[in-house]
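A.B. asks: Sending over a structure as structure tokens; questions will come in a sec.
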Amino acid sequence: DALPIFLAVSSIVTLYFTDLGEQVSWTTVFLAEYSGPLLLYLLFYFRVSGIYEDEESNKTSRLPVVHLSCACHCVHYLRYLLETLFVHKFSAGHTPLKNMIKGCAFYWGFTSWFAYYINHPRYTPPSCGNRQVFPALVAFLTCEAGSHFINVALVHQSGPGNKVCFPSPTCNPFTWLAVFVSCPNYTYEIGSWVSFTVMTQTLPVGVFTLIMVIQISQWARRKHGLYLKKSNDLKHRKTAVIPFIL
């Protein structure tokens with residue numbers, strides 16, 4: 001039998017609703033944010049007609065660092081896209097469409113800015129030449145591999161009922177960074193962009209990297225705080241994202 005619910009005649013119940021606008025899934029958000037930079041960078045790399053002066057583009061040969069930068073940028077965002085489709089596990093939640101638009105504007109806008117300069121016919125190579133480019137390339141690829149292996153480890157460690165999932169080191173050397181920081185995937189992400197900045201030596205990339213470091217550090221500190229509250233296994237970990245510093 002249904003239980004009767006009695007409300008006083010004078011009782012007033014007020015419900016407030018907030019219209020968040022049209023919602024989109026997290027998978028859609030990440031695919032949109034990451035596919036745009038990949039395609040936009042390639043437009044500048046192939047010097048599509050109208051971006052640069054045709055006469056100057058045809059006469060100027062490309063420097064090796066320009067090819068390496070394009071390859072690294074493609075590797076970075078292809079990894080993002082593949083991990084979004086096949087590695088990461090997203091909740092069934094959604095986010096307002098306006099958040100996706102802001103994210104796309106940020107990633108697409110900055111990519112267009114620094115891709116224009118790196119692929120410009122008058123682009124000059126880094127000051128120290130190959131002595132600067134190749135170490136930065138090795139560091140970039142190392143960070144990309146580390147980021148991937150950390151993300152894979154996170155997926156395998158987040159089993160059913162595991163309410164607190166933080167990266168733990170495995171037999172894979174790329175995951176050993178988790179001994180020193182709570183968010184090694186963020187550490188590798190910062191390393192990738194710092195390496196890309198050194199390799200290309202362009203101001204727009206440096207500005208983008210600085211903003212990313214600030215934002216990622218904030219995310220890492222919040223996660224680090226949550227981990228400390230929910231688990232005692234992190235007592236020996238002194239920092240959130242940068243070993244012994246932050």
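Chain labels A, B, ... are given in the sequence in which chains occur in the structure tokens; within each chain residues are numbered consecutively from 1, and ligands are likewise numbered from 1 in the order shown.
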What's around stretch 71-74 of chain A at 8 Å? Count only C-alpha atoms, leave out sequence neighbours fewer than 6 positions away in its own chain, and write the answer as number ranges by chain.
C.D. replies: A: 38, 41, 140-141, 196
A.B. asks: Would you write out those residues with N, CA and C atoms, as a CSV table (one decimal), in the first residue's frame?
C.D. replies:
```
chain,number,residue,atom,x,y,z
A,38,LEU,N,45.5,18.4,-34.3
A,38,LEU,CA,46.1,17.5,-35.2
A,38,LEU,C,46.0,18.0,-36.6
A,41,TYR,N,47.5,21.7,-37.3
A,41,TYR,CA,48.9,21.8,-37.5
A,41,TYR,C,49.3,21.3,-38.9
A,140,PHE,N,61.2,14.3,-25.3
A,140,PHE,CA,59.8,14.3,-25.7
A,140,PHE,C,59.3,12.9,-25.9
A,141,LEU,N,60.0,12.1,-26.7
A,141,LEU,CA,59.5,10.7,-26.9
A,141,LEU,C,59.5,9.9,-25.6
A,196,PHE,N,59.1,20.1,-26.2
A,196,PHE,CA,58.7,20.6,-27.5
A,196,PHE,C,59.1,22.1,-27.6
```
A.B. asks: According to DSSP computed on the backbone, where in stretch 18-241 of chain A is there strand (DSSP E or B)? Give the residues as a PyMOL selection string.
C.D. replies: chain A and resi 23-25+49+52+94-96+181+239
A.B. asks: Write the residues of the preceding selection, restricted to N, CA, C and O atoms, as a PDB file, in the first residue's frame.
C.D. replies:
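Contents of the output file out36.pdb:
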```
ATOM      1  N   GLN A  23      24.055  19.242 -23.436  1.00  0.00           N
ATOM      2  CA  GLN A  23      25.113  18.438 -22.845  1.00  0.00           C
ATOM      3  C   GLN A  23      25.769  17.539 -23.899  1.00  0.00           C
ATOM      4  O   GLN A  23      25.122  17.103 -24.850  1.00  0.00           O
ATOM      5  N   VAL A  24      27.062  17.275 -23.710  1.00  0.00           N
ATOM      6  CA  VAL A  24      27.794  16.374 -24.594  1.00  0.00           C
ATOM      7  C   VAL A  24      28.598  15.407 -23.729  1.00  0.00           C
ATOM      8  O   VAL A  24      28.948  15.709 -22.582  1.00  0.00           O
ATOM      9  N   SER A  25      28.901  14.237 -24.269  1.00  0.00           N
ATOM     10  CA  SER A  25      29.656  13.243 -23.521  1.00  0.00           C
ATOM     11  C   SER A  25      31.126  13.636 -23.441  1.00  0.00           C
ATOM     12  O   SER A  25      31.638  14.394 -24.267  1.00  0.00           O
ATOM     13  N   SER A  49      47.550  26.758 -49.456  1.00  0.00           N
ATOM     14  CA  SER A  49      47.506  28.045 -50.147  1.00  0.00           C
ATOM     15  C   SER A  49      46.668  29.048 -49.371  1.00  0.00           C
ATOM     16  O   SER A  49      45.565  28.766 -48.919  1.00  0.00           O
ATOM     17  N   TYR A  52      50.543  31.267 -46.211  1.00  0.00           N
ATOM     18  CA  TYR A  52      51.779  32.003 -46.446  1.00  0.00           C
ATOM     19  C   TYR A  52      51.806  32.469 -47.900  1.00  0.00           C
ATOM     20  O   TYR A  52      51.014  32.010 -48.733  1.00  0.00           O
ATOM     21  N   HIS A  94      28.028  13.833 -18.382  1.00  0.00           N
ATOM     22  CA  HIS A  94      28.117  14.760 -19.504  1.00  0.00           C
ATOM     23  C   HIS A  94      28.599  16.111 -18.998  1.00  0.00           C
ATOM     24  O   HIS A  94      28.654  16.363 -17.794  1.00  0.00           O
ATOM     25  N   THR A  95      28.914  16.963 -19.919  1.00  0.00           N
ATOM     26  CA  THR A  95      29.346  18.316 -19.585  1.00  0.00           C
ATOM     27  C   THR A  95      28.665  19.297 -20.540  1.00  0.00           C
ATOM     28  O   THR A  95      28.317  18.923 -21.669  1.00  0.00           O
ATOM     29  N   PRO A  96      28.434  20.522 -20.110  1.00  0.00           N
ATOM     30  CA  PRO A  96      27.783  21.495 -20.996  1.00  0.00           C
ATOM     31  C   PRO A  96      28.574  21.714 -22.281  1.00  0.00           C
ATOM     32  O   PRO A  96      29.806  21.691 -22.293  1.00  0.00           O
ATOM     33  N   VAL A 181      55.916  10.922  -7.217  1.00  0.00           N
ATOM     34  CA  VAL A 181      54.816  11.878  -7.366  1.00  0.00           C
ATOM     35  C   VAL A 181      53.485  11.138  -7.416  1.00  0.00           C
ATOM     36  O   VAL A 181      53.423   9.957  -7.768  1.00  0.00           O
ATOM     37  N   THR A 239      55.473  15.010  -3.088  1.00  0.00           N
ATOM     38  CA  THR A 239      55.006  16.018  -4.039  1.00  0.00           C
ATOM     39  C   THR A 239      53.901  15.462  -4.930  1.00  0.00           C
ATOM     40  O   THR A 239      53.677  14.253  -4.991  1.00  0.00           O
TER      41      THR A 239
END
```
A.B. asks: From a backbone DSSP assignment, name each residue in stretch 136-206 of chain A labelled helix (DSSP H, G or I), as a PyMOL selection string.
C.D. replies: chain A and resi 136-157+173-179+184-200+203-206
A.B. asks: Write out as a ChimeraX atom specification the residues lying within 8 Å of stretch 209-217 of chain A, counting only C-alpha atoms and excluding same-chain residues fewer than 4 positions away.
C.D. replies: /A:186,190,193-194,197,205,221,240-241,246
A.B. asks: So what do you get for atom CA of A:Leu43 versus atom CA of A:Cys128, distance-wise?
C.D. replies: 27.8 Å
A.B. asks: Rank nothing, just name the residue among A:Val155, A:Val179, A:Leu203, A:Ala32 nearest to A:Phe244, using only C-alpha atoms.
C.D. replies: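 Closest residue, counting only C-alpha atoms: A:Val179.
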A.B. asks: Given the choices A:Pro184, A:Pro64, A:Gly191, A:Pro37, which gets closest to A:Cys143 if the distance is worked out from only C-alpha atoms?
C.D. replies: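 Among A:Pro184, A:Pro64, A:Gly191, A:Pro37, it is A:Gly191 that comes nearest to A:Cys143.
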A.B. asks: Could you tell me how far atom CA of A:His76 sits from atom CA of A:Asp54, in Å to one decimal place?
C.D. replies: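 Separating atom CA of A:Asp54 from atom CA of A:His76 is a distance of 29.2 Å.
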A.B. asks: Pick from A:Phe114, A:Glu144, A:Ser182, A:Ala136: nearest to A:Tyr227, with only C-alpha atoms counted?
C.D. replies: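 Between A:Phe114, A:Glu144, A:Ser182, A:Ala136, the residue approaching A:Tyr227 most closely is A:Ser182.
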A.B. asks: In Å, how far is it from atom CA of A:His67 to atom CA of A:Ala145?
C.D. replies: 20.0 Å
A.B. asks: At a cut-off of 12 Å, using only C-alpha atoms, what residues contact A:Ser127? Leave out same-chain residues fewer than 2 positions from it and give the result as JSON, numbers by chain.
C.D. replies: {"A": [65, 124, 125, 129, 130, 131, 132, 133, 198, 199, 200, 201, 202]}
A.B. asks: For A:Ile101, which residue out of A:Ser195, A:Ser147, A:Thr28, A:Thr187 is the nearest one, using only C-alpha atoms?
C.D. replies: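 Closest to A:Ile101, using only C-alpha atoms: A:Thr28.
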A.B. asks: Show me, as a list in words, the residues that have an atom within 12 Å of A:Asn172 when counting only C-alpha atoms, minus same-chain residues fewer than 3 positions from it.
C.D. replies: Ala145, Gly146, His148, Phe149, Ile150, Val152, Ala153, Ser168, Pro169, Thr175, Trp176, Leu177 and Ala178 of chain A
A.B. asks: Nearest residue to A:Tyr77 out of A:Ala220, A:Met100, A:Val48, A:Leu42, using only C-alpha atoms?
C.D. replies: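 Answer, going by the shortest atom-to-atom distance: A:Leu42.
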